[in-house]
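Visitor: File follows, my_file-v7.cif with mmCIF, C-alpha atoms:
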data_query
#
loop_
_atom_site.group_PDB
_atom_site.id
_atom_site.type_symbol
_atom_site.label_atom_id
_atom_site.label_comp_id
_atom_site.auth_asym_id
_atom_site.auth_seq_id
_atom_site.Cartn_x
_atom_site.Cartn_y
_atom_site.Cartn_z
ATOM 1 C CA MET D 1 0.000 0.000 0.000
ATOM 2 C CA ILE D 2 1.123 3.541 -0.728
ATOM 3 C CA SER D 3 -0.380 6.983 -0.413
ATOM 4 C CA LEU D 4 0.285 9.437 -3.224
ATOM 5 C CA ASN D 5 0.085 13.203 -2.751
ATOM 6 C CA SER D 6 -0.633 15.202 -5.920
ATOM 7 C CA GLY D 7 -0.592 18.561 -4.147
ATOM 8 C CA GLN D 8 -4.363 18.988 -4.408
ATOM 9 C CA TYR D 9 -5.463 15.446 -3.514
ATOM 10 C CA THR D 10 -4.121 12.341 -1.792
ATOM 11 C CA TYR D 11 -4.781 8.795 -2.970
ATOM 12 C CA ARG D 12 -4.393 5.542 -1.080
ATOM 13 C CA ILE D 13 -3.420 2.797 -3.554
ATOM 14 C CA ARG D 14 -3.749 -0.732 -2.221
ATOM 15 C CA GLY D 15 -3.001 -4.151 -3.704
ATOM 16 C CA ASP D 16 -0.138 -5.463 -5.806
ATOM 17 C CA ILE D 17 1.676 -2.387 -7.109
ATOM 18 C CA ALA D 18 5.137 -3.968 -7.382
ATOM 19 C CA SER D 19 5.167 -3.671 -11.185
ATOM 20 C CA VAL D 20 4.520 0.089 -11.165
ATOM 21 C CA GLU D 21 5.976 1.291 -7.869
ATOM 22 C CA ASP D 22 9.306 2.325 -9.392
ATOM 23 C CA GLU D 23 7.539 4.283 -12.145
ATOM 24 C CA LEU D 24 5.249 6.006 -9.636
ATOM 25 C CA THR D 25 8.281 6.925 -7.518
ATOM 26 C CA ARG D 26 9.920 8.581 -10.533
ATOM 27 C CA LEU D 27 6.756 10.318 -11.717
ATOM 28 C CA TYR D 28 5.917 11.533 -8.201
ATOM 29 C CA PRO D 29 9.250 12.169 -6.428
ATOM 30 C CA HIS D 30 8.927 13.005 -2.716
ATOM 31 C CA SER D 31 5.179 12.394 -2.978
ATOM 32 C CA LEU D 32 4.775 8.736 -1.954
ATOM 33 C CA ASN D 33 4.269 7.471 1.584
ATOM 34 C CA HIS D 34 4.402 3.793 2.546
ATOM 35 C CA ASP D 35 2.866 4.333 5.956
ATOM 36 C CA PHE D 36 -0.867 4.417 6.559
ATOM 37 C CA ALA D 37 -2.172 7.927 5.994
ATOM 38 C CA VAL D 38 -5.545 9.595 5.702
ATOM 39 C CA ALA D 39 -6.349 10.019 2.013
ATOM 40 C CA ASP D 40 -9.012 11.755 -0.045
ATOM 41 C CA PHE D 41 -9.564 8.741 -2.282
ATOM 42 C CA ASP D 42 -9.054 4.984 -2.068
ATOM 43 C CA ILE D 43 -7.995 2.876 -5.073
ATOM 44 C CA GLU D 44 -7.652 -0.892 -4.630
ATOM 45 C CA ILE D 45 -6.101 -3.203 -7.215
ATOM 46 C CA GLN D 46 -7.921 -6.536 -7.106
ATOM 47 C CA GLN D 47 -7.400 -9.864 -8.843
ATOM 48 C CA THR D 48 -10.484 -10.852 -10.834
ATOM 49 C CA SER D 49 -10.185 -14.574 -9.913
ATOM 50 C CA LEU D 50 -7.678 -17.215 -8.792
ATOM 51 C CA LEU D 51 -7.938 -18.962 -12.165
ATOM 52 C CA ARG D 52 -7.160 -15.739 -13.983
ATOM 53 C CA THR D 53 -4.141 -15.232 -11.738
ATOM 54 C CA LEU D 54 -2.703 -18.555 -12.900
ATOM 55 C CA LEU D 55 -3.662 -18.563 -16.590
ATOM 56 C CA ARG D 56 -4.557 -15.179 -18.085
ATOM 57 C CA PRO D 57 -4.001 -12.637 -15.320
ATOM 58 C CA GLN D 58 -6.381 -9.704 -15.016
ATOM 59 C CA VAL D 59 -6.836 -7.038 -12.391
ATOM 60 C CA THR D 60 -9.603 -4.563 -11.759
ATOM 61 C CA LEU D 61 -9.539 -1.218 -9.962
ATOM 62 C CA ASN D 62 -12.006 -0.747 -7.127
ATOM 63 C CA ILE D 63 -12.360 3.009 -6.693
ATOM 64 C CA GLU D 64 -14.283 4.129 -3.630
ATOM 65 C CA GLY D 65 -16.417 0.985 -3.957
ATOM 66 C CA HIS D 66 -16.997 1.421 -7.700
ATOM 67 C CA LYS D 67 -15.468 -0.377 -10.680
ATOM 68 C CA PRO D 68 -15.878 2.111 -13.552
ATOM 69 C CA PHE D 69 -13.247 0.475 -15.792
ATOM 70 C CA ASN D 70 -13.022 -2.900 -17.483
ATOM 71 C CA PRO D 71 -10.542 -5.468 -16.109
ATOM 72 C CA ILE D 72 -7.033 -5.105 -17.528
ATOM 73 C CA HIS D 73 -3.835 -7.093 -17.888
ATOM 74 C CA PRO D 74 -1.389 -6.139 -15.081
ATOM 75 C CA SER D 75 1.013 -4.733 -17.688
ATOM 76 C CA LYS D 76 -1.472 -1.906 -18.297
ATOM 77 C CA LEU D 77 -1.699 -0.895 -14.652
ATOM 78 C CA LEU D 78 0.204 2.410 -14.747
ATOM 79 C CA PRO D 79 -2.099 4.320 -17.128
ATOM 80 C CA SER D 80 -5.111 2.749 -15.423
ATOM 81 C CA ILE D 81 -4.022 4.164 -12.061
ATOM 82 C CA GLU D 82 -3.635 7.597 -13.672
ATOM 83 C CA TRP D 83 -7.122 7.341 -15.198
ATOM 84 C CA ALA D 84 -8.497 6.198 -11.846
ATOM 85 C CA MET D 85 -7.060 9.286 -10.133
ATOM 86 C CA ASN D 86 -8.711 11.484 -12.769
ATOM 87 C CA TRP D 87 -12.015 9.673 -12.240
ATOM 88 C CA CYS D 88 -11.875 10.212 -8.475
ATOM 89 C CA VAL D 89 -11.550 13.967 -8.827
ATOM 90 C CA SER D 90 -14.109 14.440 -11.594
ATOM 91 C CA ALA D 91 -16.661 12.221 -9.822
ATOM 92 C CA TYR D 92 -16.332 13.531 -6.274
ATOM 93 C CA ASP D 93 -14.813 17.006 -5.983
ATOM 94 C CA HIS D 94 -17.529 19.634 -6.286
ATOM 95 C CA THR D 95 -15.779 22.254 -4.168
ATOM 96 C CA LYS D 96 -13.881 23.426 -7.284
ATOM 97 C CA LEU D 97 -15.017 23.896 -10.870
ATOM 98 C CA LEU D 98 -13.375 21.205 -13.003
ATOM 99 C CA ILE D 99 -12.885 21.806 -16.730
ATOM 100 C CA HIS D 100 -11.644 19.074 -19.070
ATOM 101 C CA CYS D 101 -8.533 20.689 -20.511
ATOM 102 C CA SER D 102 -4.800 21.142 -20.222
ATOM 103 C CA VAL D 103 -3.408 24.171 -18.394
ATOM 104 C CA ALA D 104 -0.056 25.860 -19.054
ATOM 105 C CA VAL D 105 1.183 28.883 -17.109
ATOM 106 C CA LYS D 106 3.884 31.483 -17.693
ATOM 107 C CA ASN D 107 4.462 34.884 -16.083
ATOM 108 C CA GLY D 108 1.615 34.137 -13.677
ATOM 109 C CA LYS D 109 -0.888 33.861 -16.543
ATOM 110 C CA ALA D 110 -2.709 30.660 -17.415
ATOM 111 C CA ILE D 111 -3.828 29.385 -20.800
ATOM 112 C CA LEU D 112 -6.527 26.721 -20.932
ATOM 113 C CA PHE D 113 -6.617 24.232 -23.804
ATOM 114 C CA PRO D 114 -10.094 22.664 -23.745
ATOM 115 C CA ALA D 115 -10.365 20.330 -26.705
ATOM 116 C CA LYS D 116 -11.580 16.979 -27.937
ATOM 117 C CA SER D 117 -9.353 13.912 -27.999
ATOM 118 C CA GLY D 118 -6.854 14.044 -30.848
ATOM 119 C CA SER D 119 -6.631 17.831 -30.908
ATOM 120 C CA GLY D 120 -3.022 17.801 -29.729
ATOM 121 C CA LYS D 121 -3.658 19.498 -26.372
ATOM 122 C CA SER D 122 -1.604 17.008 -24.333
ATOM 123 C CA THR D 123 1.281 17.087 -26.803
ATOM 124 C CA LEU D 124 1.288 20.878 -26.844
ATOM 125 C CA SER D 125 0.967 21.283 -23.070
ATOM 126 C CA ALA D 126 3.721 18.727 -22.431
ATOM 127 C CA TYR D 127 5.958 20.545 -24.910
ATOM 128 C CA LEU D 128 5.304 23.836 -23.132
ATOM 129 C CA GLY D 129 5.905 22.261 -19.720
ATOM 130 C CA LEU D 130 9.302 21.030 -20.921
ATOM 131 C CA ASN D 131 10.204 24.387 -22.467
ATOM 132 C CA GLY D 132 9.925 27.173 -19.911
ATOM 133 C CA TRP D 133 6.252 26.930 -18.924
ATOM 134 C CA HIS D 134 4.612 25.308 -15.913
ATOM 135 C CA LEU D 135 2.151 22.521 -16.653
ATOM 136 C CA TYR D 136 -0.590 23.021 -14.054
ATOM 137 C CA SER D 137 -2.569 20.060 -15.358
ATOM 138 C CA ASP D 138 -2.765 17.845 -18.394
ATOM 139 C CA GLU D 139 -6.297 16.617 -17.708
ATOM 140 C CA MET D 140 -8.389 19.285 -16.003
ATOM 141 C CA ALA D 141 -8.374 22.881 -14.888
ATOM 142 C CA ILE D 142 -9.063 23.077 -11.154
ATOM 143 C CA ILE D 143 -10.718 26.471 -10.680
ATOM 144 C CA ASN D 144 -11.305 28.139 -7.333
ATOM 145 C CA LEU D 145 -14.956 29.219 -7.185
ATOM 146 C CA ASN D 146 -14.144 32.318 -5.125
ATOM 147 C CA THR D 147 -11.211 33.740 -7.081
ATOM 148 C CA GLY D 148 -11.599 32.232 -10.565
ATOM 149 C CA TYR D 149 -7.898 31.335 -10.448
ATOM 150 C CA VAL D 150 -6.674 27.959 -11.696
ATOM 151 C CA GLU D 151 -4.766 25.847 -9.170
ATOM 152 C CA PRO D 152 -1.757 23.590 -9.894
ATOM 153 C CA VAL D 153 -1.689 19.825 -9.424
ATOM 154 C CA PHE D 154 1.429 17.634 -9.372
ATOM 155 C CA ARG D 155 0.526 15.141 -12.086
ATOM 156 C CA PRO D 156 2.362 14.037 -15.251
ATOM 157 C CA ALA D 157 1.188 14.626 -18.804
ATOM 158 C CA SER D 158 -0.307 11.632 -20.592
ATOM 159 C CA LEU D 159 0.961 11.095 -24.132
ATOM 160 C CA LYS D 160 -0.544 8.822 -26.775
ATOM 161 C CA ASN D 161 0.954 7.077 -29.788
ATOM 162 C CA GLU D 162 3.036 9.375 -32.040
ATOM 163 C CA SER D 163 3.055 12.121 -29.369
ATOM 164 C CA ILE D 164 5.479 10.010 -27.332
ATOM 165 C CA GLU D 165 8.247 10.236 -29.931
ATOM 166 C CA ILE D 166 7.508 13.922 -30.599
ATOM 167 C CA ILE D 167 8.028 14.829 -26.933
ATOM 168 C CA LYS D 168 10.834 12.415 -26.026
ATOM 169 C CA PRO D 169 13.703 14.654 -27.320
ATOM 170 C CA PHE D 170 12.665 17.461 -24.939
ATOM 171 C CA VAL D 171 12.836 15.325 -21.781
ATOM 172 C CA GLN D 172 15.955 16.232 -19.789
ATOM 173 C CA ALA D 173 17.091 13.439 -17.473
ATOM 174 C CA ASP D 174 18.119 15.769 -14.647
ATOM 175 C CA GLU D 175 14.806 17.700 -14.604
ATOM 176 C CA HIS D 176 12.083 15.508 -16.062
ATOM 177 C CA TYR D 177 11.065 11.881 -16.395
ATOM 178 C CA MET D 178 9.246 9.879 -19.062
ATOM 179 C CA SER D 179 7.749 6.546 -18.077
ATOM 180 C CA ARG D 180 8.012 3.361 -20.078
ATOM 181 C CA THR D 181 5.426 3.070 -22.837
ATOM 182 C CA THR D 182 2.384 0.918 -22.109
ATOM 183 C CA LYS D 183 1.376 -0.791 -25.324
ATOM 184 C CA GLY D 184 -2.119 -1.592 -26.533
ATOM 185 C CA THR D 185 -4.427 0.168 -24.095
ATOM 186 C CA HIS D 186 -7.928 1.088 -25.253
ATOM 187 C CA LYS D 187 -6.460 4.535 -26.029
ATOM 188 C CA GLY D 188 -3.420 3.152 -27.842
ATOM 189 C CA ASP D 189 0.175 3.316 -26.618
ATOM 190 C CA ILE D 190 0.554 5.495 -23.501
ATOM 191 C CA ALA D 191 3.528 7.122 -21.752
ATOM 192 C CA HIS D 192 3.613 9.692 -18.962
ATOM 193 C CA VAL D 193 6.049 12.582 -18.617
ATOM 194 C CA ARG D 194 6.814 14.580 -15.480
ATOM 195 C CA THR D 195 7.618 18.134 -16.550
ATOM 196 C CA MET D 196 8.931 19.571 -13.271
ATOM 197 C CA SER D 197 10.465 18.622 -9.945
ATOM 198 C CA LYS D 198 8.507 18.564 -6.710
ATOM 199 C CA ASP D 199 10.554 21.546 -5.476
ATOM 200 C CA VAL D 200 9.425 23.628 -8.451
ATOM 201 C CA PHE D 201 5.811 22.546 -8.006
ATOM 202 C CA ASP D 202 5.805 23.507 -4.324
ATOM 203 C CA LYS D 203 6.541 27.133 -5.278
ATOM 204 C CA LEU D 204 3.657 27.486 -7.735
ATOM 205 C CA GLU D 205 0.739 29.795 -7.007
ATOM 206 C CA PRO D 206 -2.841 29.853 -8.327
ATOM 207 C CA SER D 207 -2.923 31.795 -11.590
ATOM 208 C CA LYS D 208 -5.334 34.071 -13.394
ATOM 209 C CA ILE D 209 -6.764 32.688 -16.634
ATOM 210 C CA ALA D 210 -5.565 34.894 -19.490
ATOM 211 C CA ALA D 211 -6.783 32.875 -22.461
ATOM 212 C CA MET D 212 -8.673 29.818 -23.679
ATOM 213 C CA LEU D 213 -7.561 28.167 -26.911
ATOM 214 C CA PHE D 214 -9.800 25.618 -28.608
ATOM 215 C CA LEU D 215 -7.340 23.581 -30.648
ATOM 216 C CA ASP D 216 -7.736 21.734 -33.910
ATOM 217 C CA PHE D 217 -4.592 19.839 -34.912
ATOM 218 C CA ASP D 218 -4.512 18.618 -38.502
ATOM 219 C CA LYS D 219 -1.372 18.003 -40.547
ATOM 220 C CA ASN D 220 -3.255 18.985 -43.687
ATOM 221 C CA LYS D 221 -4.606 22.306 -42.436
ATOM 222 C CA ARG D 222 -3.145 25.779 -42.653
ATOM 223 C CA PHE D 223 -2.444 27.769 -39.489
ATOM 224 C CA ASN D 224 -5.553 29.821 -38.701
ATOM 225 C CA VAL D 225 -6.659 31.819 -35.654
ATOM 226 C CA TYR D 226 -10.207 33.015 -34.994
ATOM 227 C CA GLU D 227 -11.410 35.058 -32.049
ATOM 228 C CA ILE D 228 -14.613 33.652 -30.575
ATOM 229 C CA ASP D 229 -17.571 35.704 -29.351
ATOM 230 C CA LYS D 230 -17.756 35.696 -25.547
ATOM 231 C CA SER D 231 -21.184 34.046 -25.451
ATOM 232 C CA ILE D 232 -20.030 31.255 -27.750
ATOM 233 C CA GLY D 233 -16.872 30.820 -25.702
ATOM 234 C CA LEU D 234 -18.945 30.511 -22.542
ATOM 235 C CA ALA D 235 -21.150 27.838 -24.115
ATOM 236 C CA LYS D 236 -18.119 25.900 -25.366
ATOM 237 C CA ILE D 237 -16.331 25.940 -22.020
ATOM 238 C CA ILE D 238 -19.481 24.807 -20.198
ATOM 239 C CA THR D 239 -19.631 21.708 -22.411
ATOM 240 C CA ASN D 240 -16.110 20.840 -21.209
ATOM 241 C CA ALA D 241 -16.948 21.141 -17.490
ATOM 242 C CA PHE D 242 -17.134 17.939 -15.450
ATOM 243 C CA ASN D 243 -19.272 19.287 -12.618
ATOM 244 C CA TYR D 244 -20.944 22.453 -13.921
ATOM 245 C CA SER D 245 -24.470 21.066 -13.503
ATOM 246 C CA VAL D 246 -23.707 19.920 -9.952
ATOM 247 C CA ILE D 247 -22.343 23.278 -8.779
ATOM 248 C CA GLY D 248 -24.934 25.350 -10.634
ATOM 249 C CA GLU D 249 -25.153 29.133 -10.197
ATOM 250 C CA ALA D 250 -21.717 29.562 -8.635
ATOM 251 C CA ALA D 251 -20.135 27.786 -11.629
ATOM 252 C CA PHE D 252 -22.012 30.001 -14.080
ATOM 253 C CA SER D 253 -21.027 33.186 -12.262
ATOM 254 C CA ILE D 254 -17.327 32.390 -12.104
ATOM 255 C CA LEU D 255 -17.230 31.273 -15.749
ATOM 256 C CA VAL D 256 -18.889 34.516 -16.876
ATOM 257 C CA SER D 257 -16.235 36.448 -14.971
ATOM 258 C CA ILE D 258 -13.420 34.375 -16.480
ATOM 259 C CA VAL D 259 -14.733 34.561 -20.037
ATOM 260 C CA ASN D 260 -15.209 38.337 -19.847
ATOM 261 C CA GLN D 261 -11.561 38.933 -19.024
ATOM 262 C CA ALA D 262 -9.942 36.181 -21.127
ATOM 263 C CA THR D 263 -8.943 36.012 -24.777
ATOM 264 C CA ILE D 264 -10.861 33.164 -26.438
ATOM 265 C CA LEU D 265 -9.553 31.715 -29.694
ATOM 266 C CA GLU D 266 -10.066 28.818 -32.062
ATOM 267 C CA VAL D 267 -6.747 27.690 -33.506
ATOM 268 C CA SER D 268 -6.071 25.284 -36.375
ATOM 269 C CA TYR D 269 -2.447 24.210 -36.691
ATOM 270 C CA ALA D 270 -0.222 21.566 -38.238
ATOM 271 C CA GLU D 271 3.141 22.275 -36.567
ATOM 272 C CA MET D 272 4.170 23.106 -33.015
ATOM 273 C CA ALA D 273 6.189 26.052 -34.305
ATOM 274 C CA ASP D 274 3.028 27.575 -35.797
ATOM 275 C CA ILE D 275 1.381 28.032 -32.436
ATOM 276 C CA LYS D 276 4.364 28.669 -30.151
ATOM 277 C CA GLU D 277 4.689 32.380 -30.981
ATOM 278 C CA LEU D 278 0.956 33.012 -30.627
ATOM 279 C CA ILE D 279 0.840 31.425 -27.193
ATOM 280 C CA GLY D 280 3.829 33.406 -26.008
ATOM 281 C CA GLU D 281 2.136 36.672 -26.941
ATOM 282 C CA LEU D 282 -0.870 35.829 -24.772
ATOM 283 C CA VAL D 283 1.140 35.780 -21.538
ATOM 284 C CA ILE D 284 3.362 38.851 -21.989
#
Show this structure as structure tokens.
Guide:
Amino acid sequence: MISLNSGQYTYRIRGDIASVEDELTRLYPHSLNHDFAVADFDIEIQQTSLLRTLLRPQVTLNIEGHKPFNPIHPSKLLPSIEWAMNWCVSAYDHTKLLIHCSVAVKNGKAILFPAKSGSGKSTLSAYLGLNGWHLYSDEMAIINLNTGYVEPVFRPASLKNESIEIIKPFVQADEHYMSRTTKGTHKGDIAHVRTMSKDVFDKLEPSKIAAMLFLDFDKNKRFNVYEIDKSIGLAKIITNAFNYSVIGEAAFSILVSIVNQATILEVSYAEMADIKELIGELVI
């Protein structure tokens, strides 16, 4: 059993974690505890049956008494634990507004990248996190309902398929860490990259949201930027919120405030270099 502290949340992970403990230690340096500790969420790795253990091993993740994911081969445990941690937060934390997006911060200004799967948001945010920005989250913006500021979480970026090789050259062994690649998950090949040390993370502060970029990555498209009307931007960001309907009026009020002061853009791009300059201008 270990407890894992992501800065915002703690997770107790029970069961056979021997195959992933070294990877978790490298992805979450100075964040694991082997002693019993009070945790926000409980994740238990369970064998599906004795017969399966002997012949075709499978495990399932029991999360707070629920099993939201299909059984998996033990070799796919690392990304499944990461997905389970995401599920815990999106299902249970309604004290913060949670938006499905990546968040990169520079000069105390945050850019949100809410986008559908395949848009390149994780690749772009990991690239930024490895090149002078702070990656506040790869999966969700955690927004304080009183201030409207986005809060950092100590979690790695999740990379899929060709994104792994794109990002690998930027990973510096003394500052970052990229996990082994897990082959053949239901989302394809997966690797995780830690973009900062725990010491750097501990100095981060909540940041004001300066911009929202709705990305559309397509190798066959030209680079195009469109400014979105505030009302349309509000509607689009609401569709990306995990818990908007649960929080209700307070979520609407804080999103209106954020949208009114943020730059909201739709961006089509084919190369990382196309978008790098634009993003830099938004946080000057």
Visitor: Please enumerate the residues selected by the PyMOL selection byres ((chain D and resi 34) around 10) when evaluated against the supplied file, formatted as an MDAnalysis selection string.
Guide: chainID D and resid 1:4 12:13 32:33 35:37
Visitor: Write out as an MDAnalysis selection string each polymer residue whose atoms come within 9 Å of D:Lys219, counting all atoms listed in the file; drop sequence neighbours fewer than 4 positions from it.
Guide: chainID D and resid 269:271
Visitor: From the list D:Ala157, D:Ala84, D:Val200, D:Met272, which residue is nearest D:Glu64 when using all atoms listed in the file?
Guide: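 Distance minimum relative to D:Glu64 lands on D:Ala84.
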Visitor: Can you list, as an mmCIF file with C-alpha atoms, in the frame of the given file, the residues that the PyMOL selection byres ((chain D and resi 169) around 12) selects here?
Guide:
data_model
loop_
_atom_site.group_PDB
_atom_site.id
_atom_site.type_symbol
_atom_site.label_atom_id
_atom_site.label_comp_id
_atom_site.auth_asym_id
_atom_site.auth_seq_id
_atom_site.Cartn_x
_atom_site.Cartn_y
_atom_site.Cartn_z
ATOM 1 C CA ALA D 126 3.721 18.727 -22.431
ATOM 2 C CA TYR D 127 5.958 20.545 -24.910
ATOM 3 C CA LEU D 130 9.302 21.030 -20.921
ATOM 4 C CA ASN D 131 10.204 24.387 -22.467
ATOM 5 C CA SER D 163 3.055 12.121 -29.369
ATOM 6 C CA ILE D 164 5.479 10.010 -27.332
ATOM 7 C CA GLU D 165 8.247 10.236 -29.931
ATOM 8 C CA ILE D 166 7.508 13.922 -30.599
ATOM 9 C CA ILE D 167 8.028 14.829 -26.933
ATOM 10 C CA LYS D 168 10.834 12.415 -26.026
ATOM 11 C CA PHE D 170 12.665 17.461 -24.939
ATOM 12 C CA VAL D 171 12.836 15.325 -21.781
ATOM 13 C CA GLN D 172 15.955 16.232 -19.789
ATOM 14 C CA ALA D 173 17.091 13.439 -17.473
ATOM 15 C CA HIS D 176 12.083 15.508 -16.062
ATOM 16 C CA TYR D 177 11.065 11.881 -16.395
ATOM 17 C CA MET D 178 9.246 9.879 -19.062
ATOM 18 C CA VAL D 193 6.049 12.582 -18.617
#
Visitor: Kindly indicate which residue among D:Trp133, D:Phe69, D:Phe223, D:Tyr92 lies nearest to D:Ile111, using all atoms listed in the file for the distances.
Guide: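 Looking only at the distances to D:Ile111, the closest residue turns out to be D:Trp133.
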Visitor: Could you tell me, as a list in words, exactly which residues end up selected when the PyMOL selection byres ((chain D and resi 233-239) around 8) is applied to this structure?
Guide: Ile99, Pro114, Ile228, Asp229, Lys230, Ser231, Ile232, Asn240, Ala241, Tyr244, Leu255, Val256, Val259 and Ile264 of chain D
Visitor: Enter the distance from atom CA of D:Leu27 to atom CA of D:Ala191, in Å, rounded to one decimal.
Guide: 11.0 Å
Visitor: What does the structure give for the distance between atom CA of D:Lys96 and atom CA of D:Gly7, in Å to one decimal?
Guide: 14.5 Å
Visitor: Would you kindly return, as a PyMOL selection string, each protein, DNA or RNA residue with an atom no farther than 12 Å from any atom of D:Ile279, considering all atoms listed in the file and excluding same-chain residues fewer than 4 positions away?
Guide: chain D and resi 104-106+109-113+124-125+128+133+210-213+215+225+263-265+267+272-275+283-284
Visitor: Restricted to C-alpha atoms, what would the selected residues look like written as a PDB file, in the frame of the given file?
Guide:
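As written to disk, out-v4.pdb reads:
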ATOM      1  CA  ALA D 104      -0.056  25.860 -19.054  1.00  0.00           C
ATOM      2  CA  VAL D 105       1.183  28.883 -17.109  1.00  0.00           C
ATOM      3  CA  LYS D 106       3.884  31.483 -17.693  1.00  0.00           C
ATOM      4  CA  LYS D 109      -0.888  33.861 -16.543  1.00  0.00           C
ATOM      5  CA  ALA D 110      -2.709  30.660 -17.415  1.00  0.00           C
ATOM      6  CA  ILE D 111      -3.828  29.385 -20.800  1.00  0.00           C
ATOM      7  CA  LEU D 112      -6.527  26.721 -20.932  1.00  0.00           C
ATOM      8  CA  PHE D 113      -6.617  24.232 -23.804  1.00  0.00           C
ATOM      9  CA  LEU D 124       1.288  20.878 -26.844  1.00  0.00           C
ATOM     10  CA  SER D 125       0.967  21.283 -23.070  1.00  0.00           C
ATOM     11  CA  LEU D 128       5.304  23.836 -23.132  1.00  0.00           C
ATOM     12  CA  TRP D 133       6.252  26.930 -18.924  1.00  0.00           C
ATOM     13  CA  ALA D 210      -5.565  34.894 -19.490  1.00  0.00           C
ATOM     14  CA  ALA D 211      -6.783  32.875 -22.461  1.00  0.00           C
ATOM     15  CA  MET D 212      -8.673  29.818 -23.679  1.00  0.00           C
ATOM     16  CA  LEU D 213      -7.561  28.167 -26.911  1.00  0.00           C
ATOM     17  CA  LEU D 215      -7.340  23.581 -30.648  1.00  0.00           C
ATOM     18  CA  VAL D 225      -6.659  31.819 -35.654  1.00  0.00           C
ATOM     19  CA  THR D 263      -8.943  36.012 -24.777  1.00  0.00           C
ATOM     20  CA  ILE D 264     -10.861  33.164 -26.438  1.00  0.00           C
ATOM     21  CA  LEU D 265      -9.553  31.715 -29.694  1.00  0.00           C
ATOM     22  CA  VAL D 267      -6.747  27.690 -33.506  1.00  0.00           C
ATOM     23  CA  MET D 272       4.170  23.106 -33.015  1.00  0.00           C
ATOM     24  CA  ALA D 273       6.189  26.052 -34.305  1.00  0.00           C
ATOM     25  CA  ASP D 274       3.028  27.575 -35.797  1.00  0.00           C
ATOM     26  CA  ILE D 275       1.381  28.032 -32.436  1.00  0.00           C
ATOM     27  CA  VAL D 283       1.140  35.780 -21.538  1.00  0.00           C
ATOM     28  CA  ILE D 284       3.362  38.851 -21.989  1.00  0.00           C
TER      29      ILE D 284
END
Visitor: Separation of atom CA of D:Ile254 and atom CA of D:Asp138, in Å?
Guide: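 Value for the atom CA of D:Ile254-atom CA of D:Asp138 distance: 21.5 Å.
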Visitor: Just need the box for stretch 230-245 of chain D, edges along x, y and z, holding every atom the file lists for it with 3 Å tacked onto each side, so centre and edge lengths in Å to one decimal, as lines of an AutoDock Vina configuration file.
Guide:
center_x = -20.3
center_y = 26.8
center_z = -20.2
size_x = 14.4
size_y = 23.8
size_z = 21.1
Visitor: Using all atoms listed in the file for the distances, tell me which of D:Asn161, D:Thr147, D:Thr185, D:Thr60 is nearest to D:Gln46.
Guide: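 Checking each of D:Asn161, D:Thr147, D:Thr185, D:Thr60 against D:Gln46, counting all atoms listed in the file, the winner is D:Thr60.
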Visitor: From the options D:Asn5, D:Thr182, D:Asn260, D:Ser117, which residue's atoms come nearest to D:Ser80, counting only C-alpha atoms?
Guide: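 Counting only C-alpha atoms, the residue closest to D:Ser80 is D:Thr182.
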Visitor: Counting only C-alpha atoms, figure out which residue out of D:Leu145, D:Leu97, D:Arg14, D:Tyr9 gets nearest to D:Ala39.
Guide: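 Of all the options, D:Tyr9 lies closest to D:Ala39.
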Visitor: Counting all atoms listed in the file, which of D:Ser31, D:Ser268, D:Thr95, D:Gln47 gets nearest to D:Asn220?
Guide: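 Closest to D:Asn220, using all atoms listed in the file: D:Ser268.
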